[in-house]
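Undergrad: So here's model-v9.csv (CSV, C-alpha atoms).
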chain,number,residue,atom,x,y,z
K,1,GLU,CA,43.6,49.2,32.9
K,2,ARG,CA,44.3,47.3,29.7
K,3,LEU,CA,41.5,49.0,27.9
K,4,GLU,CA,42.7,52.4,29.1
K,5,ARG,CA,46.2,51.8,27.9
K,6,CYS,CA,44.8,50.6,24.5
K,7,LEU,CA,42.6,53.7,24.2
K,8,ARG,CA,45.5,56.1,25.0
K,9,ALA,CA,47.6,54.4,22.4
K,10,VAL,CA,44.9,54.7,19.8
K,11,ALA,CA,44.1,58.3,20.7
K,12,ALA,CA,47.7,59.4,20.5
K,13,PRO,CA,48.4,61.9,17.6
K,14,ARG,CA,50.0,60.4,14.5
K,15,TRP,CA,52.0,61.9,11.8
K,16,ARG,CA,50.0,63.0,8.7
K,17,PRO,CA,51.3,64.7,5.5
K,18,PRO,CA,52.5,67.4,5.1
K,19,GLY,CA,54.1,66.7,8.5
K,20,VAL,CA,51.6,67.4,11.3
K,21,MET,CA,50.6,65.4,14.3
K,22,VAL,CA,46.9,64.7,14.3
K,23,PRO,CA,44.8,62.6,16.7
K,24,PRO,CA,42.0,60.3,15.4
K,25,GLU,CA,38.6,62.0,15.0
K,26,GLY,CA,36.8,59.3,16.9
K,27,ILE,CA,37.1,55.8,18.4
K,28,VAL,CA,34.4,53.2,18.6
K,29,VAL,CA,34.8,50.5,21.2
K,30,LEU,CA,32.8,47.3,20.7
K,31,SER,CA,32.0,44.9,23.5
K,32,THR,CA,32.4,41.1,22.9
K,33,CYS,CA,30.5,38.1,23.9
K,34,LEU,CA,32.9,37.4,26.8
K,35,SER,CA,32.9,40.9,28.1
K,36,GLU,CA,29.2,41.0,28.2
K,37,MET,CA,29.0,37.6,29.9
K,38,ILE,CA,31.2,38.7,32.7
K,39,GLY,CA,29.6,42.1,33.0
K,40,ALA,CA,32.7,44.1,32.1
K,41,ASP,CA,31.6,47.7,31.5
K,42,PRO,CA,33.8,49.7,29.1
K,43,ILE,CA,32.1,53.0,29.7
K,44,PRO,CA,34.1,54.3,32.7
K,45,ALA,CA,37.4,53.7,30.9
K,46,CYS,CA,36.1,55.3,27.7
K,47,ARG,CA,34.9,58.4,29.5
K,48,LYS,CA,38.2,58.7,31.4
K,49,VAL,CA,40.4,58.5,28.3
K,50,GLU,CA,38.0,60.8,26.3
K,51,ASP,CA,38.4,63.4,29.0
K,52,GLU,CA,42.1,63.1,29.0
K,53,THR,CA,42.7,63.2,25.2
K,54,GLY,CA,39.7,65.1,23.9
K,55,VAL,CA,39.1,62.3,21.3
K,56,HIS,CA,35.4,61.3,21.1
K,57,ILE,CA,35.1,57.7,22.2
K,58,VAL,CA,31.9,55.7,21.6
K,59,PRO,CA,31.4,52.6,23.7
K,60,VAL,CA,28.9,50.2,22.0
K,61,ALA,CA,27.3,47.2,23.7
K,62,THR,CA,27.0,44.7,20.8
K,63,SER,CA,24.8,42.2,22.7
K,64,GLY,CA,27.1,39.6,21.2
K,65,LEU,CA,25.0,36.7,22.4
K,66,ARG,CA,21.8,38.0,20.7
K,67,LEU,CA,21.1,36.7,17.3
K,68,ARG,CA,20.8,39.5,14.7
K,69,THR,CA,20.0,39.4,11.0
K,70,GLN,CA,22.5,40.9,8.6
K,71,ALA,CA,20.2,43.8,7.9
K,72,GLU,CA,19.8,44.5,11.6
K,73,VAL,CA,23.5,44.7,12.1
K,74,GLY,CA,23.9,47.1,9.2
K,75,ASP,CA,21.1,49.4,10.4
K,76,TRP,CA,22.5,49.3,13.9
K,77,VAL,CA,26.0,50.3,12.7
K,78,ALA,CA,24.6,53.1,10.5
K,79,ARG,CA,22.4,54.5,13.3
K,80,THR,CA,25.4,54.5,15.7
K,81,MET,CA,27.7,56.4,13.3
K,82,VAL,CA,25.1,59.0,12.5
K,83,THR,CA,24.0,59.5,16.1
K,84,GLU,CA,27.6,59.9,17.3
K,85,PHE,CA,29.3,61.7,14.5
K,86,GLY,CA,26.5,63.2,12.3
K,87,ARG,CA,26.7,67.0,11.7
K,88,ARG,CA,23.9,69.3,12.5
K,89,GLY,CA,22.6,71.8,10.0
K,90,ASP,CA,20.1,72.6,7.3
K,91,PRO,CA,19.9,70.0,4.5
K,92,ASP,CA,21.1,71.0,1.0
K,93,PRO,CA,18.2,70.4,-1.5
K,94,ALA,CA,20.8,69.6,-4.2
K,95,ALA,CA,22.7,67.1,-2.1
K,96,VAL,CA,22.0,63.4,-2.7
K,97,ASN,CA,22.9,60.5,-0.4
K,98,LEU,CA,23.4,56.9,-1.7
K,99,ILE,CA,22.5,54.4,1.0
K,100,GLY,CA,23.0,50.7,0.4
K,101,PHE,CA,24.4,50.8,-3.1
K,102,THR,CA,27.6,49.5,-4.6
K,103,THR,CA,29.9,52.4,-3.7
K,104,ASP,CA,33.2,50.7,-3.1
K,105,PRO,CA,36.1,53.0,-2.5
K,106,VAL,CA,38.9,53.5,-5.0
K,107,GLU,CA,42.6,53.9,-4.3
K,108,ARG,CA,43.3,56.5,-6.9
K,109,PRO,CA,41.0,59.6,-7.3
K,110,GLU,CA,41.2,59.3,-11.1
K,111,ASP,CA,39.5,55.9,-10.9
K,112,LEU,CA,36.3,57.3,-9.3
K,113,ARG,CA,34.8,58.1,-12.7
K,114,ARG,CA,34.7,54.3,-13.4
K,115,THR,CA,32.6,53.6,-10.3
K,116,PHE,CA,28.9,53.6,-9.7
K,117,GLN,CA,29.1,56.7,-7.5
K,118,GLY,CA,31.2,58.4,-10.1
K,119,GLU,CA,28.6,57.7,-12.8
K,120,VAL,CA,25.8,59.0,-10.5
K,121,ALA,CA,27.8,62.2,-10.0
K,122,ASP,CA,28.2,62.6,-13.8
K,123,ALA,CA,24.6,61.8,-14.5
K,124,LEU,CA,23.1,64.2,-11.9
K,125,ARG,CA,25.5,67.1,-12.5
K,126,PRO,CA,23.6,68.6,-15.4
K,127,ALA,CA,20.5,68.9,-13.2
K,128,GLY,CA,22.5,70.8,-10.6
K,129,LEU,CA,22.7,67.9,-8.2
K,130,ARG,CA,25.7,66.4,-6.4
K,131,VAL,CA,26.5,63.2,-4.5
K,132,ASN,CA,26.7,64.3,-0.8
K,133,ALA,CA,27.5,61.0,1.0
K,134,GLN,CA,27.6,57.2,0.5
K,135,ALA,CA,27.0,54.6,3.1
K,136,PRO,CA,27.7,52.0,4.3
K,137,ILE,CA,29.8,50.6,1.5
K,138,GLY,CA,33.0,52.7,1.1
K,139,ALA,CA,31.8,55.2,3.7
K,140,SER,CA,34.4,57.5,5.2
K,141,LEU,CA,33.9,59.3,8.5
K,142,ASP,CA,32.9,62.4,6.4
K,143,ASP,CA,30.2,60.4,4.6
K,144,TRP,CA,28.7,59.4,8.0
K,145,ARG,CA,28.9,63.0,9.2
K,146,ASN,CA,27.3,64.5,6.1
K,147,LEU,CA,24.4,62.1,5.7
K,148,THR,CA,22.2,64.4,7.8
K,149,LEU,CA,23.0,67.3,5.5
K,150,GLY,CA,21.6,65.7,2.3
K,151,GLY,CA,18.3,66.9,0.8
K,152,VAL,CA,17.4,63.5,-0.5
K,153,SER,CA,18.5,60.0,0.4
K,154,VAL,CA,18.2,57.2,-2.1
K,155,VAL,CA,18.0,53.9,-0.3
K,156,VAL,CA,18.3,50.5,-1.8
K,157,ASP,CA,15.7,48.9,0.6
K,158,ARG,CA,13.8,50.9,3.2
K,159,ALA,CA,13.2,47.7,5.3
K,160,MET,CA,16.9,47.4,5.9
K,161,TYR,CA,17.5,50.8,7.3
K,162,GLY,CA,14.5,51.7,9.5
K,163,ASP,CA,16.5,53.2,12.4
K,164,LEU,CA,18.8,55.1,10.1
K,165,LEU,CA,16.0,56.6,8.1
K,166,ALA,CA,14.1,57.6,11.3
K,167,LEU,CA,17.1,59.8,12.0
K,168,LEU,CA,17.3,61.3,8.5
K,169,GLU,CA,13.6,61.9,7.6
K,170,HIS,CA,12.6,65.3,8.7
K,171,PRO,CA,11.4,68.5,7.0
K,172,GLY,CA,13.8,69.3,4.2
K,173,HIS,CA,15.1,65.7,3.8
K,174,ARG,CA,13.3,63.3,1.5
K,175,VAL,CA,13.9,59.5,1.3
K,176,ILE,CA,13.1,57.5,-1.8
K,177,GLU,CA,13.5,53.8,-2.2
K,178,MET,CA,15.1,52.6,-5.5
K,179,ALA,CA,16.4,49.1,-6.3
K,180,GLN,CA,20.0,49.0,-7.3
K,181,PRO,CA,19.9,49.9,-11.1
K,182,TYR,CA,21.1,47.0,-13.2
K,183,GLY,CA,20.5,47.4,-17.0
K,184,VAL,CA,19.6,50.4,-19.1
K,185,ALA,CA,15.9,50.6,-18.3
K,186,ARG,CA,16.4,50.4,-14.6
K,187,THR,CA,19.2,52.9,-14.6
K,188,ASP,CA,17.1,55.4,-16.7
K,189,ALA,CA,14.3,55.0,-14.1
K,190,PHE,CA,16.8,55.4,-11.2
K,191,TYR,CA,18.0,58.8,-12.4
K,192,ARG,CA,14.6,60.0,-13.4
K,193,ALA,CA,13.3,59.2,-9.9
K,194,ILE,CA,16.0,61.3,-8.3
K,195,ALA,CA,15.4,64.2,-10.6
K,196,GLU,CA,11.7,64.1,-10.0
K,197,ALA,CA,12.2,63.9,-6.2
K,198,THR,CA,14.2,67.1,-6.4
K,199,GLY,CA,12.1,68.9,-8.9
K,200,ARG,CA,14.6,68.6,-11.8
K,201,VAL,CA,14.6,67.3,-15.3
K,202,LEU,CA,17.3,65.0,-16.7
K,203,GLU,CA,15.8,63.4,-19.9
K,204,ASP,CA,18.0,65.1,-22.5
K,205,ALA,CA,21.1,64.9,-20.4
K,206,LEU,CA,20.7,61.1,-19.9
K,207,VAL,CA,20.4,60.5,-23.7
K,208,ASP,CA,23.6,62.4,-24.2
K,209,LEU,CA,25.6,60.4,-21.6
K,210,GLU,CA,28.5,58.5,-23.2
K,211,ALA,CA,28.1,55.7,-20.7
K,212,ARG,CA,24.5,55.3,-21.7
K,213,ARG,CA,25.3,55.1,-25.4
K,214,ALA,CA,27.9,52.5,-24.7
K,215,ALA,CA,25.4,50.5,-22.6
K,216,VAL,CA,22.8,50.5,-25.3
K,217,GLN,CA,25.3,49.3,-27.9
K,218,ALA,CA,26.5,46.6,-25.5
K,219,LEU,CA,23.0,45.3,-25.0
K,220,GLU,CA,22.4,45.0,-28.8
K,221,GLU,CA,25.5,42.9,-29.0
K,222,ALA,CA,24.4,40.9,-26.0
K,223,ARG,CA,21.0,40.0,-27.5
K,224,GLU,CA,22.6,38.8,-30.6
K,225,ARG,CA,24.8,36.5,-28.6
K,226,PHE,CA,22.8,35.4,-25.6
K,227,THR,CA,19.1,35.3,-26.8
K,228,GLY,CA,17.9,31.8,-26.1
K,229,ARG,CA,20.9,30.8,-23.9
K,230,ARG,CA,19.8,29.3,-20.6
K,231,LEU,CA,21.1,31.0,-17.4
K,232,ALA,CA,20.9,29.6,-13.9
K,233,TYR,CA,20.5,32.5,-11.5
K,234,GLY,CA,21.4,31.3,-8.0
K,235,ILE,CA,20.3,32.9,-4.8
K,236,GLY,CA,20.0,31.9,-1.1
K,237,SER,CA,23.6,30.8,-0.8
K,238,HIS,CA,25.3,34.2,-0.6
K,239,HIS,CA,25.7,35.4,3.0
K,240,ASN,CA,27.5,38.7,3.9
K,241,PHE,CA,26.8,42.1,5.2
K,242,ARG,CA,26.7,44.0,2.0
K,243,PRO,CA,23.3,45.7,1.5
K,244,ASP,CA,23.7,45.7,-2.3
K,245,ASP,CA,23.8,41.9,-2.1
K,246,LEU,CA,21.1,41.5,0.6
K,247,ALA,CA,18.5,43.8,-1.1
K,248,SER,CA,15.8,41.9,-3.0
K,249,GLU,CA,17.4,38.7,-1.6
K,250,GLY,CA,20.0,38.8,-4.4
K,251,LEU,CA,17.5,39.1,-7.3
K,252,GLY,CA,18.5,42.7,-8.1
K,253,ALA,CA,20.5,41.9,-11.3
K,254,LEU,CA,17.7,40.0,-12.9
K,255,PRO,CA,16.5,43.0,-15.1
K,256,LEU,CA,20.0,43.3,-16.6
K,257,MET,CA,20.1,39.6,-17.6
K,258,ILE,CA,16.6,39.8,-19.0
K,259,GLU,CA,17.7,42.8,-21.1
K,260,MET,CA,20.7,40.7,-22.3
K,261,GLY,CA,18.3,38.1,-23.8
K,262,PHE,CA,19.0,35.2,-21.5
K,263,GLU,CA,16.3,32.5,-20.8
K,264,ILE,CA,16.5,32.6,-17.0
K,265,GLU,CA,15.6,30.1,-14.4
K,266,ILE,CA,16.3,30.9,-10.7
K,267,VAL,CA,17.9,28.2,-8.5
K,268,ILE,CA,17.3,28.9,-4.8
K,269,GLN,CA,18.9,27.3,-1.8
K,270,GLU,CA,15.8,26.9,0.3
K,271,ARG,CA,13.6,24.2,1.9
K,272,ASP,CA,10.4,23.4,0.0
K,273,ARG,CA,7.8,25.1,2.2
K,274,PRO,CA,4.7,27.2,1.4
K,275,ASP,CA,6.1,30.3,3.1
K,276,VAL,CA,9.3,30.0,1.0
K,277,HIS,CA,7.2,30.0,-2.2
K,278,ASP,CA,5.2,32.9,-1.0
K,279,ARG,CA,8.3,35.0,-0.3
K,280,ILE,CA,9.8,34.2,-3.7
K,281,GLN,CA,6.7,35.2,-5.5
K,282,ARG,CA,6.5,38.5,-3.5
K,283,ASN,CA,10.1,39.3,-4.4
K,284,LEU,CA,9.6,38.5,-8.1
K,285,LYS,CA,6.4,40.5,-8.2
K,286,ALA,CA,8.2,43.5,-6.6
K,287,LEU,CA,10.8,43.4,-9.4
K,288,GLY,CA,8.0,43.1,-12.0
K,289,VAL,CA,9.2,39.7,-13.4
K,290,ASP,CA,7.6,36.3,-13.7
K,291,LEU,CA,10.3,33.6,-14.0
K,292,PRO,CA,10.4,29.9,-13.2
K,293,TYR,CA,12.5,28.7,-10.3
K,294,ARG,CA,13.6,25.5,-8.6
K,295,LEU,CA,14.8,24.8,-5.1
K,296,PHE,CA,17.8,22.9,-3.7
K,297,TYR,CA,18.3,22.4,0.1
K,298,GLU,CA,22.1,22.5,0.4
K,299,PRO,CA,25.1,23.2,-1.9
K,300,ALA,CA,26.1,19.6,-2.1
K,301,VAL,CA,23.1,18.7,-4.2
K,302,LEU,CA,23.2,21.7,-6.6
K,303,SER,CA,25.0,19.9,-9.5
K,304,PRO,CA,22.1,17.5,-10.3
K,305,VAL,CA,19.7,20.5,-10.3
K,306,LEU,CA,22.0,22.3,-12.7
K,307,ALA,CA,22.2,19.2,-14.9
K,308,GLU,CA,18.4,18.9,-15.0
K,309,GLY,CA,18.1,22.5,-16.1
K,310,HIS,CA,20.4,22.1,-19.2
K,311,PHE,CA,21.9,25.5,-18.6
K,312,ASP,CA,24.5,27.2,-20.7
K,313,VAL,CA,25.9,29.6,-18.1
K,314,GLY,CA,25.4,30.3,-14.4
K,315,TYR,CA,25.3,33.3,-12.1
K,316,LEU,CA,26.2,31.7,-8.8
K,317,SER,CA,28.0,32.4,-5.5
K,318,ASP,CA,31.7,31.8,-5.9
K,319,PHE,CA,31.8,28.9,-3.4
K,320,LEU,CA,29.3,27.0,-5.7
K,321,MET,CA,31.8,26.9,-8.6
K,322,GLY,CA,32.8,23.4,-7.7
K,323,GLN,CA,29.2,22.2,-8.1
K,324,ALA,CA,28.9,24.0,-11.4
K,325,ALA,CA,32.2,22.5,-12.6
K,326,GLN,CA,30.9,19.0,-12.0
K,327,VAL,CA,28.4,19.6,-14.8
K,328,HIS,CA,30.8,21.7,-16.9
K,329,LEU,CA,28.8,24.8,-16.4
K,330,PRO,CA,30.8,28.1,-16.9
K,331,THR,CA,29.8,30.7,-14.3
K,332,VAL,CA,30.0,34.4,-13.4
K,333,ALA,CA,30.4,35.0,-9.7
K,334,LEU,CA,27.3,36.4,-7.9
K,335,GLY,CA,27.8,39.9,-6.7
K,336,HIS,CA,30.6,40.8,-9.1
K,337,LEU,CA,28.4,42.9,-11.4
K,338,VAL,CA,28.5,46.7,-11.4
K,339,PRO,CA,25.2,48.7,-11.4
K,340,GLY,CA,24.5,51.7,-13.7
K,341,TYR,CA,25.2,52.2,-17.3
K,342,ARG,CA,28.9,51.5,-16.9
K,343,GLY,CA,28.1,48.1,-15.5
K,344,VAL,CA,26.3,46.9,-18.7
K,345,PRO,CA,29.3,46.6,-21.1
K,346,ARG,CA,31.3,44.9,-18.2
K,347,ALA,CA,28.5,42.4,-17.6
K,348,VAL,CA,28.3,41.6,-21.3
K,349,ALA,CA,32.0,41.0,-21.4
K,350,GLN,CA,31.9,38.8,-18.3
K,351,PHE,CA,29.1,36.6,-19.6
K,352,GLY,CA,30.7,36.6,-23.0
K,353,ARG,CA,33.9,35.1,-21.6
K,354,ALA,CA,31.9,32.6,-19.6
K,355,ALA,CA,29.5,31.6,-22.4
K,356,GLY,CA,32.4,31.4,-24.8
K,357,ALA,CA,34.0,28.8,-22.5
K,358,VAL,CA,31.0,26.5,-22.8
K,359,PHE,CA,32.4,24.4,-25.7
K,360,GLU,CA,35.9,24.1,-24.1
K,361,ALA,CA,34.5,23.3,-20.7
K,362,ARG,CA,32.3,20.5,-22.0
K,363,TYR,CA,34.5,19.0,-24.7
K,364,GLY,CA,38.0,20.2,-23.9
K,365,LYS,CA,39.1,16.9,-22.5
K,366,TYR,CA,38.5,15.3,-25.9
K,367,LEU,CA,40.5,17.8,-27.8
Could you rewrite the structure in this file as structure tokens?
TA:
Amino acid sequence: ERLERCLRAVAAPRWRPPGVMVPPEGIVVLSTCLSEMIGADPIPACRKVEDETGVHIVPVATSGLRLRTQAEVGDWVARTMVTEFGRRGDPDPAAVNLIGFTTDPVERPEDLRRTFQGEVADALRPAGLRVNAQAPIGASLDDWRNLTLGGVSVVVDRAMYGDLLALLEHPGHRVIEMAQPYGVARTDAFYRAIAEATGRVLEDALVDLEARRAAVQALEEARERFTGRRLAYGIGSHHNFRPDDLASEGLGALPLMIEMGFEIEIVIQERDRPDVHDRIQRNLKALGVDLPYRLFYEPAVLSPVLAEGHFDVGYLSDFLMGQAAQVHLPTVALGHLVPGYRGVPRAVAQFGRAAGAVFEARYGKYL
């Protein structure tokens, strides 16, 4: 009875501008560990209220006691949303889906042009292409509904979305895997790959993009300032459900920092085991880079590792800032960079502020 009352309350029409009463377009009901342990079945209540209200209600058994990886959870959510709410129709060859990228929503429509998805729209427009949907980051219900209508889906990591891609891949819908584009070279390759997949040409249009020209100029300034500076690139400590962070195990921003001129060493929270070294080498090879790395087994022992490395700046998870502060190492928070051309000047500014703080951080107490 409690679930039925709750669902009726949620399904009730609500006031929406310009003054109409509108019911929700759908309700998803998730089971909990406790409800599954006692065998409580939400389906009868969901079906009853759905029949009463006409609102589509989706009961989902989460198997709360079963251990799932972050990627499994993300794929499961995506599959559920597309299965239950996806539209049916012929895919549009000019419609591009972005799956797993940094596509955070904005509060004001005028700010969209400053986002990665806004840049993608601008870059692809001269080729007659458009952004059709983005998921899961920043996805609206319309995004989930429209994924099936895209002609091409660009996915940050195929291994993370096996079930979702099985729903999308069919005649007329192509899937291509592209790492999140950090830096000018990777962003060039990202847009060229989309153009090639759709039979278009973008070369001249990319060169003329104002955002690309600004990125190239920012990189020139970065190399003058950062070449030879040692950077600690930290992975293995950052745990969330964002696919843009999970893809490539957090190594995705390496190409940008290489372009900026840093001398990079990767610091990884992992046990020293052969399988760990094998996995690290595979990830670095997939990115086309060969960099030194060192391991630390828990956050509390990171500061000696940073001291041994004689680093000038760090790119670390925010909760490791305390360890970095112990050795007076200025840091940029992991996951706070923006992909695409527009992300390059921002990254240069972020690292410029951090690197500029080196002297003050180390010797400020004597001033």
Undergrad: Restricting the calculation to all atoms listed in the file: of K:Arg212, K:Arg47, K:His310, K:Arg16, which residue gets closest to Val29 of chain K?
TA: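 Ranking K:Arg212, K:Arg47, K:His310, K:Arg16 by distance to Val29 of chain K, first place goes to K:Arg47.
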Undergrad: Within 10 Å of segment 256-265 of chain K, which residues of segment 189-240 of chain K show up? Give each one with its shortest atom-to-atom distance in Å (one decimal) and the two atoms involved, counting all atoms listed in the file, rows by chain then rising residue number, as JSON lines.
TA:
{"residue": "K:Ala218", "atom": "CA", "partner": "K:Met260", "partner_atom": "CA", "distance": 8.9}
{"residue": "K:Leu219", "atom": "CA", "partner": "K:Met260", "partner_atom": "CA", "distance": 5.8}
{"residue": "K:Glu220", "atom": "CA", "partner": "K:Met260", "partner_atom": "CA", "distance": 8.0}
{"residue": "K:Glu221", "atom": "CA", "partner": "K:Met260", "partner_atom": "CA", "distance": 8.5}
{"residue": "K:Ala222", "atom": "CA", "partner": "K:Met260", "partner_atom": "CA", "distance": 5.2}
{"residue": "K:Arg223", "atom": "CA", "partner": "K:Gly261", "partner_atom": "CA", "distance": 5.0}
{"residue": "K:Glu224", "atom": "CA", "partner": "K:Gly261", "partner_atom": "CA", "distance": 8.1}
{"residue": "K:Arg225", "atom": "CA", "partner": "K:Gly261", "partner_atom": "CA", "distance": 8.2}
{"residue": "K:Phe226", "atom": "CA", "partner": "K:Gly261", "partner_atom": "CA", "distance": 5.5}
{"residue": "K:Thr227", "atom": "CA", "partner": "K:Gly261", "partner_atom": "CA", "distance": 4.2}
{"residue": "K:Gly228", "atom": "CA", "partner": "K:Glu263", "partner_atom": "CA", "distance": 5.6}
{"residue": "K:Arg229", "atom": "CA", "partner": "K:Phe262", "partner_atom": "CA", "distance": 5.4}
{"residue": "K:Arg230", "atom": "CA", "partner": "K:Glu263", "partner_atom": "CA", "distance": 4.7}
{"residue": "K:Leu231", "atom": "CA", "partner": "K:Ile264", "partner_atom": "CA", "distance": 4.9}
{"residue": "K:Ala232", "atom": "CA", "partner": "K:Glu265", "partner_atom": "CA", "distance": 5.3}
{"residue": "K:Tyr233", "atom": "CA", "partner": "K:Glu265", "partner_atom": "CA", "distance": 6.2}
{"residue": "K:Gly234", "atom": "CA", "partner": "K:Glu265", "partner_atom": "CA", "distance": 8.7}
Undergrad: Distance atom CA of Ser31 of chain K-atom CA of Leu3 of chain K, one decimal place?
TA: 11.2 Å
Undergrad: Find the residue from K:Ala94, K:Val327, K:Val289, K:Ile99 that sits nearest to Arg200 of chain K; use all atoms listed in the file when measuring.
TA: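 Answer, going by the shortest atom-to-atom distance: K:Ala94.
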Undergrad: List as a PyMOL selection string the residues having at least one atom at most 8 Å from position (19.0, 59.0, -2.2) as given in the file, counting only C-alpha atoms.
TA: chain K and resi 96-99+152-155+175-177+194
Undergrad: What does the distance from atom CA of Asp92 of chain K to atom CA of Val184 of chain K come to in Å, to one decimal?
TA: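 A separation of 28.8 Å between them.
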Undergrad: Using only C-alpha atoms, give me every residue within 12 Å of (22.0, 58.4, -21.4) in file coordinates, as a PyMOL selection string.
TA: chain K and resi 119-120+122-124+126+183-192+202-217+340-342
Undergrad: Deliver the residues from the most recent selection as a file, using C-alpha atoms, as a PDB file, in the frame of the given file.
TA:
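Okay, selection38.pdb is ready:
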ATOM      1  CA  GLU K 119      28.600  57.700 -12.800  1.00  0.00           C
ATOM      2  CA  VAL K 120      25.800  59.000 -10.500  1.00  0.00           C
ATOM      3  CA  ASP K 122      28.200  62.600 -13.800  1.00  0.00           C
ATOM      4  CA  ALA K 123      24.600  61.800 -14.500  1.00  0.00           C
ATOM      5  CA  LEU K 124      23.100  64.200 -11.900  1.00  0.00           C
ATOM      6  CA  PRO K 126      23.600  68.600 -15.400  1.00  0.00           C
ATOM      7  CA  GLY K 183      20.500  47.400 -17.000  1.00  0.00           C
ATOM      8  CA  VAL K 184      19.600  50.400 -19.100  1.00  0.00           C
ATOM      9  CA  ALA K 185      15.900  50.600 -18.300  1.00  0.00           C
ATOM     10  CA  ARG K 186      16.400  50.400 -14.600  1.00  0.00           C
ATOM     11  CA  THR K 187      19.200  52.900 -14.600  1.00  0.00           C
ATOM     12  CA  ASP K 188      17.100  55.400 -16.700  1.00  0.00           C
ATOM     13  CA  ALA K 189      14.300  55.000 -14.100  1.00  0.00           C
ATOM     14  CA  PHE K 190      16.800  55.400 -11.200  1.00  0.00           C
ATOM     15  CA  TYR K 191      18.000  58.800 -12.400  1.00  0.00           C
ATOM     16  CA  ARG K 192      14.600  60.000 -13.400  1.00  0.00           C
ATOM     17  CA  LEU K 202      17.300  65.000 -16.700  1.00  0.00           C
ATOM     18  CA  GLU K 203      15.800  63.400 -19.900  1.00  0.00           C
ATOM     19  CA  ASP K 204      18.000  65.100 -22.500  1.00  0.00           C
ATOM     20  CA  ALA K 205      21.100  64.900 -20.400  1.00  0.00           C
ATOM     21  CA  LEU K 206      20.700  61.100 -19.900  1.00  0.00           C
ATOM     22  CA  VAL K 207      20.400  60.500 -23.700  1.00  0.00           C
ATOM     23  CA  ASP K 208      23.600  62.400 -24.200  1.00  0.00           C
ATOM     24  CA  LEU K 209      25.600  60.400 -21.600  1.00  0.00           C
ATOM     25  CA  GLU K 210      28.500  58.500 -23.200  1.00  0.00           C
ATOM     26  CA  ALA K 211      28.100  55.700 -20.700  1.00  0.00           C
ATOM     27  CA  ARG K 212      24.500  55.300 -21.700  1.00  0.00           C
ATOM     28  CA  ARG K 213      25.300  55.100 -25.400  1.00  0.00           C
ATOM     29  CA  ALA K 214      27.900  52.500 -24.700  1.00  0.00           C
ATOM     30  CA  ALA K 215      25.400  50.500 -22.600  1.00  0.00           C
ATOM     31  CA  VAL K 216      22.800  50.500 -25.300  1.00  0.00           C
ATOM     32  CA  GLN K 217      25.300  49.300 -27.900  1.00  0.00           C
ATOM     33  CA  GLY K 340      24.500  51.700 -13.700  1.00  0.00           C
ATOM     34  CA  TYR K 341      25.200  52.200 -17.300  1.00  0.00           C
ATOM     35  CA  ARG K 342      28.900  51.500 -16.900  1.00  0.00           C
TER      36      ARG K 342
END
Undergrad: Interatomic distance between atom CA of Ala45 of chain K and atom CA of Phe85 of chain K?
TA: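 Going from atom CA of Ala45 of chain K over to atom CA of Phe85 of chain K, I get 20.0 Å.
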Undergrad: Report the closest atom pair, with its distance in Å rounded to one decimal, for each residue of segment 46-101 of chain K that has an atom no farther than 8 Å from segment 236-255 of chain K; count only C-alpha atoms, sort by chain and then rising residue number, and write it as a tab-separated table.
TA:
residue	atom	partner	partner_atom	distance
K:Gln70	CA	K:Phe241	CA	5.6
K:Ala71	CA	K:Phe241	CA	7.3
K:Gly74	CA	K:Phe241	CA	7.0
K:Gly100	CA	K:Pro243	CA	5.1
K:Phe101	CA	K:Asp244	CA	5.2
Undergrad: With a distance cut-off of 7 Å and only C-alpha atoms, select the neighbouring residues of segment 346-358 of chain K, excluding the residue or stretch itself and same-chain residues fewer than 5 positions from it, and output the selection as a short mmCIF file (atom, residue, chain, number, x, y, z; two decimals) with C-alpha atoms, in the coordinates of the input.
TA:
data_model
loop_
_atom_site.label_atom_id
_atom_site.label_comp_id
_atom_site.auth_asym_id
_atom_site.auth_seq_id
_atom_site.Cartn_x
_atom_site.Cartn_y
_atom_site.Cartn_z
CA ALA K 218 26.50 46.60 -25.50
CA ALA K 222 24.40 40.90 -26.00
CA ASP K 312 24.50 27.20 -20.70
CA VAL K 313 25.90 29.60 -18.10
CA LEU K 329 28.80 24.80 -16.40
CA PRO K 330 30.80 28.10 -16.90
CA THR K 331 29.80 30.70 -14.30
CA VAL K 332 30.00 34.40 -13.40
CA LEU K 337 28.40 42.90 -11.40
#
Undergrad: Could you give me, as an MDAnalysis selection string, the residues within 7 Å of segment 292-300 of chain K, counting all atoms listed in the file and dropping anything in the same chain fewer than 5 positions from it?
TA: chainID K and resid 265:272 320
Undergrad: Nearest to Ser63 of chain K: which of K:Leu167, K:Met81, K:Ile235, K:Met37 is it, counting all atoms listed in the file?
TA: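 Of the candidates, the smallest distance to Ser63 of chain K is held by K:Met37.
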Undergrad: Choose the residue, out of K:Val20, K:Ala40, K:Val55, K:Met160, that has the smallest atom-to-atom separation from Leu7 of chain K; count all atoms listed in the file.
TA: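 For Leu7 of chain K, the nearest of the given residues is K:Val55.
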Undergrad: Set the distance at 8 Å and use only C-alpha atoms: which residues neighbour Asp318 of chain K once local chain neighbours fewer than 2 positions away are removed? I'd like the list as number ranges by chain.
TA: K: 316, 320-321, 333-334
Undergrad: Can you tell me which residues surround Gly54 of chain K at a distance of at most 9 Å, considering all atoms listed in the file, apart from same-chain residues fewer than 4 positions away, and format the answer as JSON, numbers by chain?
TA: {"K": [11, 49, 50]}
